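protein-v8.cif, holding mmCIF, C-alpha atoms and all ligand atoms:
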```cif
data_input
loop_
_atom_site.label_atom_id
_atom_site.label_comp_id
_atom_site.auth_asym_id
_atom_site.auth_seq_id
_atom_site.Cartn_x
_atom_site.Cartn_y
_atom_site.Cartn_z
CA MET A 1 26.15 -34.16 5.02
CA MET A 2 23.18 -31.92 4.83
CA VAL A 3 19.93 -32.40 4.22
CA ALA A 4 16.94 -30.63 2.82
CA LEU A 5 14.21 -29.62 5.17
CA PRO A 6 10.81 -31.14 4.59
CA SER A 7 8.95 -28.91 2.21
CA ALA A 8 6.36 -27.18 4.31
CA SER A 9 4.42 -25.55 1.55
CA GLY A 10 4.20 -28.04 -1.31
CA GLY A 11 1.36 -27.98 -3.78
CA SER A 12 -0.96 -29.87 -1.50
CA LYS A 13 -4.55 -28.74 -1.50
CA VAL A 14 -5.21 -29.36 2.15
CA PHE A 15 -3.75 -26.53 4.14
CA LYS A 16 -1.63 -27.67 7.03
CA CYS A 17 -0.72 -25.45 9.91
CA ASP A 18 2.66 -24.00 9.35
CA THR A 19 4.11 -25.36 12.55
CA ASN A 20 7.57 -25.92 11.15
CA LEU A 21 9.05 -23.08 13.09
CA LEU A 22 12.72 -23.64 12.66
CA VAL A 23 15.06 -23.09 15.51
CA SER A 24 18.61 -22.63 14.40
CA ILE A 25 21.06 -23.46 17.09
CA VAL A 26 24.75 -22.89 17.04
CA ALA A 27 26.00 -24.86 19.96
CA CYS A 28 29.27 -25.18 21.61
CA VAL A 29 29.64 -28.89 22.09
CA ALA A 30 32.50 -28.66 24.52
CA GLY A 31 30.81 -26.40 27.01
CA VAL A 32 27.94 -24.00 27.09
CA VAL A 33 30.00 -21.00 28.02
CA ALA A 34 33.30 -20.95 26.22
CA CYS A 35 34.56 -22.63 23.13
CA ALA A 36 38.20 -22.21 22.33
CA SER A 37 38.43 -23.68 18.89
CA ALA A 38 36.20 -23.80 15.88
CA TRP A 39 35.82 -27.56 15.71
CA GLN A 40 34.04 -27.54 19.02
CA TRP A 41 31.17 -25.61 17.52
CA GLN A 42 28.30 -27.30 15.90
CA GLU A 43 25.25 -25.99 14.18
CA ALA A 44 21.91 -27.65 13.78
CA THR A 45 18.41 -26.77 12.85
CA TYR A 46 15.41 -28.13 14.63
CA ALA A 47 11.90 -28.08 13.25
CA ALA A 48 9.17 -27.66 15.81
CA GLN A 49 5.80 -29.39 15.92
CA GLU A 50 3.60 -27.58 18.34
CA HIS A 51 1.36 -29.46 20.75
CA ARG A 52 3.22 -32.71 20.12
CA ALA A 53 5.67 -34.86 22.06
CA LEU A 54 7.59 -38.00 21.22
CA VAL A 55 7.01 -40.64 23.88
CA GLY A 56 8.79 -43.85 24.78
CA HIS A 57 12.27 -42.88 23.61
CA SER A 58 13.47 -40.81 26.54
CA ILE A 59 17.19 -40.67 27.24
CA GLY A 60 17.26 -37.84 29.76
CA ASN A 61 15.38 -34.96 31.38
CA HIS A 62 16.38 -31.46 32.39
CA SER A 63 14.29 -28.84 34.10
CA GLY A 64 14.53 -25.09 34.42
CA VAL A 65 16.29 -24.65 31.09
CA THR A 66 15.49 -22.49 28.09
CA GLN A 67 14.50 -23.98 24.77
CA ALA A 68 17.87 -23.00 23.30
CA LEU A 69 19.74 -24.64 26.15
CA CYS A 70 17.64 -27.76 25.66
CA ALA A 71 18.83 -27.86 22.04
CA VAL A 72 22.40 -27.40 23.21
CA LEU A 73 22.00 -30.24 25.69
CA CYS A 74 20.69 -32.42 22.89
CA LEU A 75 23.67 -31.56 20.71
CA ARG A 76 26.04 -32.31 23.54
CA GLU A 77 24.42 -35.69 23.92
CA GLY A 78 25.26 -36.33 20.27
CA ASP A 79 27.35 -39.38 21.09
CA ALA A 80 24.59 -40.69 23.26
CA GLN A 81 22.22 -40.40 20.31
CA CYS A 82 20.01 -37.49 21.22
CA ARG A 83 17.93 -37.16 18.08
CA SER A 84 15.13 -34.87 19.15
CA PHE A 85 13.60 -33.27 22.20
CA ASN A 86 10.27 -32.28 23.70
CA TYR A 87 10.10 -28.87 25.28
CA HIS A 88 7.51 -27.44 27.65
CA ASP A 89 7.59 -23.66 27.50
CA THR A 90 5.98 -22.62 30.73
CA GLY A 91 7.38 -25.50 32.78
CA ARG A 92 10.80 -25.05 31.13
CA THR A 93 11.04 -28.81 30.93
CA CYS A 94 13.43 -30.40 28.46
CA GLN A 95 13.06 -34.08 27.53
CA LEU A 96 15.77 -35.53 25.32
CA ASN A 97 14.84 -38.38 22.99
CA GLY A 98 16.98 -41.05 21.39
CA ALA A 99 14.78 -41.19 18.30
CA ARG A 100 12.99 -38.95 15.86
CA MET A 101 9.39 -38.93 14.67
CA GLU A 102 10.45 -40.08 11.20
CA GLU A 103 11.58 -43.36 12.75
CA PHE A 104 8.60 -43.77 15.10
CA PRO A 105 5.65 -41.77 13.75
CA GLU A 106 3.25 -43.58 16.08
CA SER A 107 5.28 -42.33 19.08
CA LEU A 108 4.51 -38.71 18.26
CA VAL A 109 1.44 -37.98 20.33
CA GLU A 110 -0.74 -34.97 20.86
CA ASP A 111 0.29 -33.07 23.97
CA PHE A 112 -1.01 -29.56 24.28
CA ASP A 113 1.76 -28.40 26.60
CA PHE A 114 4.78 -29.63 24.68
CA SER A 115 6.47 -28.88 21.39
CA TYR A 116 8.51 -31.51 19.63
CA TYR A 117 11.82 -30.51 18.03
CA GLY A 118 13.41 -32.86 15.55
CA ALA A 119 16.95 -32.33 14.39
CA GLN A 120 16.93 -31.85 10.64
CA LEU A 121 19.30 -34.71 9.92
CA GLU A 122 19.09 -37.86 7.89
CA GLU A 123 21.71 -39.73 9.86
CA PRO A 124 22.69 -39.46 13.48
CA TYR A 125 25.65 -37.18 13.67
CA ILE A 126 28.66 -39.14 14.69
CA ASP A 127 31.35 -37.03 13.03
CA LEU A 128 30.83 -33.94 15.08
CA PRO A 129 33.58 -31.76 13.60
CA GLU A 130 32.47 -32.36 10.01
CA PHE A 131 28.85 -31.89 10.65
CA HIS A 132 27.31 -28.69 9.42
CA THR A 133 23.80 -27.73 8.45
CA THR A 134 22.55 -25.15 6.07
CA PRO A 135 19.04 -23.86 6.52
CA SER A 136 16.83 -24.44 3.52
CA ALA A 137 16.05 -21.57 1.24
CA SER A 138 12.39 -21.48 2.13
CA GLU A 139 10.49 -19.00 0.04
CA TRP A 140 8.24 -18.01 2.91
CA GLN A 141 9.75 -15.98 5.70
CA LEU A 142 7.85 -15.63 8.94
CA VAL A 143 7.30 -12.00 9.92
CA PHE A 144 4.68 -12.34 12.64
CA LYS A 145 2.92 -14.80 14.83
CA GLY A 146 -0.02 -13.47 16.86
CA VAL A 147 -1.45 -15.80 19.49
CA ALA A 148 -5.12 -15.73 20.43
CA GLY A 149 -6.06 -15.22 24.07
CA ASN A 150 -2.75 -13.74 25.15
CA GLY A 151 -4.38 -10.51 26.33
CA VAL A 152 -2.55 -8.25 23.90
CA LYS A 153 -4.44 -6.68 21.01
CA MET A 154 -3.46 -8.27 17.71
CA TYR A 155 -3.65 -4.92 15.98
CA ASP A 156 -1.27 -3.36 18.49
CA MET A 157 1.16 -6.24 18.14
CA TRP A 158 1.11 -5.92 14.37
CA THR A 159 1.34 -2.12 14.15
CA ALA A 160 3.69 -1.29 17.06
CA ALA A 161 6.66 0.76 15.90
CA THR A 162 8.95 -1.62 17.71
CA TRP A 163 8.24 -5.03 19.11
CA ASP A 164 8.35 -5.20 22.89
CA GLU A 165 9.03 -8.82 23.78
CA THR A 166 8.19 -8.31 27.46
CA THR A 167 4.67 -7.03 26.94
CA MET A 168 3.88 -8.60 23.56
CA GLY A 169 5.77 -11.86 23.41
CA VAL A 170 3.15 -13.42 25.64
CA GLY A 171 2.15 -17.00 24.85
CA GLY A 172 4.51 -17.26 21.90
CA SER A 173 3.56 -14.15 19.94
CA TRP A 174 6.52 -12.97 17.95
CA ARG A 175 7.55 -10.44 15.31
CA ASP A 176 10.67 -10.16 13.20
CA ASP A 177 11.39 -6.45 13.56
CA SER A 178 14.07 -6.31 10.91
CA LEU A 179 11.80 -7.82 8.24
CA TYR A 180 8.88 -5.73 9.45
CA GLY A 181 10.91 -2.52 9.38
CA ALA A 182 12.38 -3.26 5.97
CA TRP A 183 8.93 -4.03 4.59
CA ASN A 184 7.52 -0.80 6.01
CA SER A 185 10.30 1.35 4.62
CA GLY A 186 9.98 -0.12 1.15
CA ASP A 187 13.35 -1.88 1.24
CA LEU A 188 11.93 -5.28 0.33
CA ASN A 189 10.74 -6.46 -3.01
CA ILE A 190 7.78 -8.44 -1.79
CA ALA A 191 6.06 -10.79 -4.21
CA ARG A 192 3.46 -12.41 -1.99
CA VAL A 193 2.12 -12.26 1.54
CA LYS A 194 0.57 -15.24 3.28
CA LEU A 195 -1.86 -15.04 6.18
CA SER A 196 -2.41 -18.36 7.91
CA LEU A 197 -4.93 -19.12 10.62
CA CYS A 198 -3.98 -22.11 12.64
CA ASP A 199 -6.39 -24.22 14.62
CA ALA A 200 -4.08 -26.44 16.67
CA ASN A 201 -6.80 -28.94 17.54
CA ILE A 202 -7.48 -29.79 13.92
CA GLY A 203 -3.90 -29.15 12.74
CA SER A 204 -5.30 -26.97 10.02
CA GLY A 205 -7.09 -23.72 9.48
CA ALA A 206 -7.23 -21.29 6.61
CA GLU A 207 -4.70 -19.69 4.37
CA LEU A 208 -4.98 -16.50 2.32
CA ILE A 209 -2.34 -15.39 -0.15
CA PHE A 210 -2.07 -11.81 -1.34
CA ASP A 211 -0.11 -10.04 -4.02
CA GLY A 212 2.50 -8.12 -2.03
CA THR A 213 3.93 -6.02 -4.85
CA GLY A 214 4.57 -2.49 -3.65
CA SER A 215 2.71 -3.14 -0.41
CA ASP A 216 3.41 -1.90 3.08
CA VAL A 217 2.56 -3.63 6.34
CA SER A 218 -1.13 -2.77 6.06
CA SER A 219 -1.98 -2.31 2.39
CA TRP A 220 -1.30 -5.95 1.41
CA PHE A 221 -4.46 -7.03 3.20
CA SER A 222 -7.03 -6.02 0.61
CA LYS A 223 -9.53 -7.69 -1.63
CA ASP A 224 -7.99 -6.61 -4.90
CA ARG A 225 -4.68 -8.19 -3.91
CA LEU A 226 -6.15 -11.63 -3.13
CA ILE A 227 -4.47 -14.44 -5.02
CA SER A 228 -6.06 -17.35 -3.18
CA ASN A 229 -8.40 -17.90 -0.27
CA PRO A 230 -10.34 -20.84 1.15
CA TRP A 231 -13.83 -19.53 0.43
CA GLN A 232 -15.85 -19.84 -2.76
CA ASP A 233 -17.81 -16.63 -2.42
CA LEU A 234 -15.33 -14.06 -1.14
CA ILE A 235 -14.28 -12.67 -4.52
CA SER A 236 -17.85 -12.41 -5.82
CA THR A 237 -19.52 -11.06 -2.68
CA ALA A 238 -19.52 -7.43 -1.60
CA THR A 239 -17.79 -6.71 1.71
CA ASN A 240 -18.40 -3.89 4.16
CA TYR A 241 -14.94 -4.36 5.71
CA PHE A 242 -11.77 -5.77 4.24
CA SER A 243 -8.73 -4.44 6.06
CA ILE A 244 -6.36 -4.95 8.94
CA TYR A 245 -7.59 -1.64 10.36
CA GLY A 246 -11.11 -3.04 10.29
CA HIS A 247 -13.68 -1.39 12.53
CA PRO A 248 -11.89 0.28 15.46
CA LEU A 249 -15.07 1.38 17.22
CA GLU A 250 -16.04 -2.28 17.57
CA ASP A 251 -12.42 -3.33 18.01
CA ARG A 252 -12.64 -5.76 15.09
CA ARG A 253 -9.39 -6.06 13.17
CA PHE A 254 -8.03 -8.19 10.34
CA PHE A 255 -11.64 -7.90 9.37
CA ILE A 256 -13.25 -9.43 6.29
CA ASN A 257 -16.96 -8.93 6.71
CA ARG A 258 -19.97 -9.16 4.46
CA ARG A 259 -22.54 -7.13 6.35
CA TYR A 260 -23.88 -5.99 9.69
CA GLY A 261 -27.40 -6.69 11.00
CA ASN A 262 -27.72 -6.10 14.72
CA CYS A 263 -25.35 -8.84 15.85
CA VAL A 264 -27.37 -11.86 14.74
CA GLY A 265 -27.36 -10.48 11.21
CA ASP A 266 -23.56 -10.04 11.14
CA TYR A 267 -21.94 -12.19 8.48
CA GLY A 268 -18.35 -12.51 7.43
CA TRP A 269 -15.26 -14.62 6.78
CA LEU A 270 -12.57 -13.48 9.22
CA VAL A 271 -12.32 -11.27 12.27
CA VAL A 272 -9.95 -10.70 15.15
CA THR A 273 -12.10 -9.34 17.92
CA GLU A 274 -10.08 -7.54 20.58
CA SER A 275 -12.79 -6.42 23.02
CA ASN A 276 -16.57 -6.20 23.08
CA SER A 277 -16.79 -2.47 22.70
CA HIS A 278 -19.70 -0.32 21.53
CA PHE A 279 -22.32 -2.74 20.19
CA ASP A 280 -22.53 -5.61 22.67
CA CYS A 281 -22.74 -8.66 20.45
CA GLU A 282 -22.85 -12.06 22.04
CA TRP A 283 -20.52 -13.51 19.40
CA ASP A 284 -17.98 -10.81 20.26
CA ARG A 285 -17.70 -11.66 23.93
CA SER A 286 -14.74 -13.27 25.59
CA SER A 287 -14.98 -15.97 28.23
CA ALA A 288 -12.67 -17.67 30.68
CA LYS A 289 -11.97 -20.26 28.01
CA TYR A 290 -11.57 -17.76 25.20
CA PRO A 291 -9.99 -14.50 26.37
CA TYR A 292 -9.08 -11.72 23.92
CA PRO A 293 -7.88 -11.45 21.28
CA ILE A 294 -10.20 -13.93 19.57
CA ILE A 295 -9.63 -15.08 15.99
CA LEU A 296 -12.84 -16.24 14.31
CA TYR A 297 -13.10 -17.52 10.75
CA SER A 298 -15.57 -19.32 8.57
CA ARG A 299 -14.98 -23.05 8.36
CA THR A 300 -17.67 -23.37 5.70
CA ALA A 301 -17.26 -22.83 1.97
CA GLY A 302 -18.54 -19.26 2.27
CA ASN A 303 -19.29 -16.46 4.69
CA VAL A 304 -20.91 -17.31 8.03
CA GLN A 305 -23.27 -15.77 10.48
CA TRP A 306 -20.90 -14.84 13.33
CA HIS A 307 -23.56 -15.67 15.91
CA LYS A 308 -23.18 -19.35 14.94
CA VAL A 309 -20.06 -19.42 17.10
CA ILE A 310 -22.61 -19.52 19.94
CA THR A 311 -25.27 -21.74 18.38
CA GLU A 312 -23.20 -24.16 16.29
CA GLY A 313 -19.70 -23.88 17.66
CA THR A 314 -16.33 -24.35 16.10
CA ASP A 315 -17.25 -26.64 13.22
CA THR A 316 -18.94 -23.68 11.57
CA VAL A 317 -17.14 -20.71 13.05
CA GLY A 318 -13.59 -21.75 13.74
CA ARG A 319 -11.50 -20.34 16.55
CA ALA A 320 -7.90 -20.13 15.45
CA ASP A 321 -5.16 -20.47 18.06
CA TYR A 322 -2.87 -18.10 16.24
CA LEU A 323 -2.30 -16.35 12.97
CA THR A 324 0.94 -16.00 11.09
CA ILE A 325 2.09 -13.60 8.40
CA HIS A 326 4.78 -14.74 5.97
CA ILE A 327 6.36 -12.90 3.08
CA ASP A 328 7.87 -14.17 -0.12
CA VAL A 329 10.66 -11.78 -1.06
CA GLU A 330 11.92 -11.68 -4.64
C1 LIG A 401 11.80 -38.23 31.62
O1 LIG A 401 10.52 -37.81 32.04
C2 LIG A 401 9.44 -38.51 31.43
C3 LIG A 401 8.15 -37.86 31.89
O2 LIG A 401 8.10 -37.79 33.27
C4 LIG A 401 9.54 -39.99 31.79
O3 LIG A 401 8.51 -40.70 31.15
C5 LIG A 401 10.89 -40.53 31.35
O4 LIG A 401 11.05 -41.88 31.74
C6 LIG A 401 12.02 -39.69 31.92
N1 LIG A 401 13.27 -40.15 31.32
C7 LIG A 401 14.33 -40.54 32.01
C8 LIG A 401 15.53 -40.99 31.24
O5 LIG A 401 14.37 -40.52 33.22
#
```
Please go through the file and, once you have read it, give me the structure as structure tokens.
Ligand SMILES: *[C@@H]1O[C@H](CO)[C@@H](O)[C@H](O)[C@H]1NC(C)=O
Amino acid sequence: MMVALPSASGGSKVFKCDTNLLVSIVACVAGVVACASAWQWQEATYAAQEHRALVGHSIGNHSGVTQALCAVLCLREGDAQCRSFNYHDTGRTCQLNGARMEEFPESLVEDFDFSYYGAQLEEPYIDLPEFHTTPSASEWQLVFKGVAGNGVKMYDMWTAATWDETTMGVGGSWRDDSLYGAWNSGDLNIARVKLSLCDANIGSGAELIFDGTGSDVSSWFSKDRLISNPWQDLISTATNYFSIYGHPLEDRRFFINRRYGNCVGDYGWLVVTESNSHFDCEWDRSSAKYPYPIILYSRTAGNVQWHKVITEGTDTVGRADYLTIHIDVE
């Protein structure tokens, strides 16, 4: 009895944050530690909605547990109808729910600290031994998630030879080293690469799709590979930077810029600013609220004056909470 996952990337014109990070859990329903026979194992996939929680359907709470253990606890409550859970990363709080958001959409509320995980099931699973899920064959595979403000340079996270979870996995940043390594050594036949900027407050952001044919982990990010982007003028306007490497002296990476003009004359579409080095531009500075790295992007139809992040704020120059890189492998 399985079940297609909701299509995350349909043909819809409005870009939605790709928050369907799937957590695949193989749980031992008889006990967390040892399972003697195969029927005691159960597998389920949960789709996460960040900064959301389901309220009013609580059936139990656990604290001091990992996210994976929370999923296991939910599976073990199968008979007691655990259908989803809310998880708080830093507090390691696990709240089991007896319902899912599909049944009570109005009960899914914004909560910055929690993520909601819904079991990808159509029916509550009563027949535990028969139940089995197969993950959907999603065309987009997540390679990287880089979180703004986590104090680690985005460029370093993306280019590190090997991912170091202890120093880099801060705040939810993540990289799939096997996909990354295979991409870099030319072992993957990559059709397309997707860069998404996610603004959690508006549940949206910007999405750029590149032709990934024959690319490596840096060369895909170039103007001549652009298949789609949210701005009307990017293809037709000259750029002084368009690369992941960007402008190291200024510590501006993933940089798509139109021109420089002494800070207030700086215009562009996208930048990850990692420190305010060399030229001290006001728009480049971090603050207590917005520590480095900072992901800025134009929320207008075209390029923006970066300084407007000071004068006009986030309706004009958006601040993304994180960026993701997905690949579509042939
Ligand atoms: C679990 O904790 C939440 C938040 O404190 C609370 O609203 C809910 O009633 C608790 N559930 C149970 C079953 O105790």
Handout entry: Residue contacts of range 226-232 of chain A (7 Å, only C-alpha atoms) excluding same-chain residues fewer than 6 positions away, as an MDAnalysis selection string
Key = chainID A and resid 206:211 301:302
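The residue set within 9 Å of Phe85 in chain A, counting all atoms listed in the file and dropping same-chain residues fewer than 6 places from it, reads A:Ala53, A:Leu54, A:Ser58, A:Cys70, A:Ala71, A:Cys74, A:Cys94, A:Gln95, A:Leu96, A:Asn97, A:Gly98, A:Ala99, A:Arg100, A:Ser115, A:Tyr116, A:Tyr117, A:Gly118, A:Ala119.
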Axis-aligned box for ligand LIG 401 (chain A), 6 Å per side, centre and edges in Å as AutoDock Vina command-line options:
```
--center_x 11.8 --center_y -39.8 --center_z 32.2 --size_x 19.4 --size_y 16.1 --size_z 14.1
```
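Nearest residue to Gln305 in chain A among A:Ser275, A:Thr93, A:Ser287, A:Asn257 is A:Asn257, counting all atoms listed in the file.
The smallest atom-to-atom distance between Glu139 in chain A and any of A:Asp113, A:Met168, A:Arg258, A:Val193, using all atoms listed in the file, is found for A:Val193.
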Problem - Non-local contacts of range 325-329 of chain A (9 Å; all atoms listed in the file; under 5 positions in same chain excluded) as an MDAnalysis selection string - result: chainID A and resid 138:146 188:196 212
Exercise for the section: Tell me which of A:Leu69, A:Cys263, A:Ile244, A:Ile59 sits closest to ligand LIG 401 (chain A), counting all atoms listed in the file. Expected result: A:Ile59
Practice task
Tell me which protein, DNA and RNA residues are within 8 Å of Phe254 in chain A, counting all atoms listed in the file, leaving out same-chain ones fewer than 3 positions away, and put them as a PyMOL selection string.
Solution key: chain A and resi 155+242-246+270-272
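Of note, CA of Gln49 in chain A and CA of Ile202 in chain A are spaced 13.4 Å apart.
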Handout entry: Leu296 in chain A environment, 12 Å, all atoms listed in the file, sequence neighbours closer than 2 positions dropped, as a count of residues only
Key = 50
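CA of Val147 in chain A to CA of Asp251 in chain A spans 16.7 Å [interatomic distance, one decimal].
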Practice task
Anything within 10 Å of (3.2, -42.1, 17.2): list those residues as a PyMOL selection string, counting only C-alpha atoms and sticking to the file's coordinates.
Solution key: chain A and resi 52-56+101-110
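Of the listed residues (A:Trp220, A:Tyr87, A:Phe112, A:His247), A:Tyr87 comes nearest to ligand LIG 401 (chain A); the distances count only C-alpha atoms and all ligand atoms.
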Handout entry: For CA of Leu249 in chain A and CA of Pro291 in chain A, the interatomic separation in Å (one decimal)
Key = 19.0 Å
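The smallest atom-to-atom distance between ligand LIG 401 (chain A) and any of A:Ser222, A:Ser63, A:Asn150, A:Asn201, using all atoms listed in the file, is found for A:Ser63.
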Mind rebuilding range 199-217 of chain A with N, CA and C atoms and writing that out as a PDB file, keeping the file's coordinate frame?
```
ATOM      1  N   ASP A 199      -5.512 -23.642  13.631  1.00  0.00           N
ATOM      2  CA  ASP A 199      -6.390 -24.220  14.620  1.00  0.00           C
ATOM      3  C   ASP A 199      -5.650 -25.459  15.123  1.00  0.00           C
ATOM      4  N   ALA A 200      -4.986 -25.360  16.257  1.00  0.00           N
ATOM      5  CA  ALA A 200      -4.080 -26.440  16.670  1.00  0.00           C
ATOM      6  C   ALA A 200      -4.821 -27.749  16.869  1.00  0.00           C
ATOM      7  N   ASN A 201      -6.080 -27.707  17.285  1.00  0.00           N
ATOM      8  CA  ASN A 201      -6.800 -28.940  17.540  1.00  0.00           C
ATOM      9  C   ASN A 201      -7.059 -29.747  16.279  1.00  0.00           C
ATOM     10  N   ILE A 202      -7.233 -29.055  15.157  1.00  0.00           N
ATOM     11  CA  ILE A 202      -7.480 -29.790  13.920  1.00  0.00           C
ATOM     12  C   ILE A 202      -6.230 -29.797  13.038  1.00  0.00           C
ATOM     13  N   GLY A 203      -5.155 -29.159  13.498  1.00  0.00           N
ATOM     14  CA  GLY A 203      -3.900 -29.150  12.740  1.00  0.00           C
ATOM     15  C   GLY A 203      -4.041 -28.477  11.397  1.00  0.00           C
ATOM     16  N   SER A 204      -5.009 -27.585  11.300  1.00  0.00           N
ATOM     17  CA  SER A 204      -5.300 -26.970  10.020  1.00  0.00           C
ATOM     18  C   SER A 204      -5.916 -25.610  10.271  1.00  0.00           C
ATOM     19  N   GLY A 205      -6.501 -25.031   9.275  1.00  0.00           N
ATOM     20  CA  GLY A 205      -7.090 -23.720   9.480  1.00  0.00           C
ATOM     21  C   GLY A 205      -7.433 -23.129   8.138  1.00  0.00           C
ATOM     22  N   ALA A 206      -6.951 -21.934   7.877  1.00  0.00           N
ATOM     23  CA  ALA A 206      -7.230 -21.290   6.610  1.00  0.00           C
ATOM     24  C   ALA A 206      -6.000 -20.520   6.175  1.00  0.00           C
ATOM     25  N   GLU A 207      -5.870 -20.370   4.892  1.00  0.00           N
ATOM     26  CA  GLU A 207      -4.700 -19.690   4.370  1.00  0.00           C
ATOM     27  C   GLU A 207      -5.136 -18.737   3.258  1.00  0.00           C
ATOM     28  N   LEU A 208      -4.675 -17.495   3.343  1.00  0.00           N
ATOM     29  CA  LEU A 208      -4.980 -16.500   2.320  1.00  0.00           C
ATOM     30  C   LEU A 208      -3.661 -15.984   1.767  1.00  0.00           C
ATOM     31  N   ILE A 209      -3.557 -15.908   0.451  1.00  0.00           N
ATOM     32  CA  ILE A 209      -2.340 -15.390  -0.150  1.00  0.00           C
ATOM     33  C   ILE A 209      -2.674 -14.135  -0.943  1.00  0.00           C
ATOM     34  N   PHE A 210      -1.841 -13.111  -0.734  1.00  0.00           N
ATOM     35  CA  PHE A 210      -2.070 -11.810  -1.340  1.00  0.00           C
ATOM     36  C   PHE A 210      -0.885 -11.432  -2.221  1.00  0.00           C
ATOM     37  N   ASP A 211      -1.164 -10.641  -3.230  1.00  0.00           N
ATOM     38  CA  ASP A 211      -0.110 -10.040  -4.020  1.00  0.00           C
ATOM     39  C   ASP A 211       0.550  -8.937  -3.175  1.00  0.00           C
ATOM     40  N   GLY A 212       1.833  -9.064  -2.920  1.00  0.00           N
ATOM     41  CA  GLY A 212       2.500  -8.120  -2.030  1.00  0.00           C
ATOM     42  C   GLY A 212       3.242  -7.010  -2.749  1.00  0.00           C
ATOM     43  N   THR A 213       3.154  -6.981  -4.075  1.00  0.00           N
ATOM     44  CA  THR A 213       3.930  -6.020  -4.850  1.00  0.00           C
ATOM     45  C   THR A 213       3.659  -4.590  -4.401  1.00  0.00           C
ATOM     46  N   GLY A 214       4.711  -3.900  -4.028  1.00  0.00           N
ATOM     47  CA  GLY A 214       4.570  -2.490  -3.650  1.00  0.00           C
ATOM     48  C   GLY A 214       3.760  -2.252  -2.393  1.00  0.00           C
ATOM     49  N   SER A 215       3.561  -3.304  -1.596  1.00  0.00           N
ATOM     50  CA  SER A 215       2.710  -3.140  -0.410  1.00  0.00           C
ATOM     51  C   SER A 215       3.506  -2.646   0.784  1.00  0.00           C
ATOM     52  N   ASP A 216       2.801  -2.123   1.773  1.00  0.00           N
ATOM     53  CA  ASP A 216       3.410  -1.900   3.080  1.00  0.00           C
ATOM     54  C   ASP A 216       2.728  -2.839   4.076  1.00  0.00           C
ATOM     55  N   VAL A 217       3.027  -2.650   5.360  1.00  0.00           N
ATOM     56  CA  VAL A 217       2.560  -3.630   6.340  1.00  0.00           C
ATOM     57  C   VAL A 217       1.042  -3.654   6.524  1.00  0.00           C
TER      58      VAL A 217
END
```
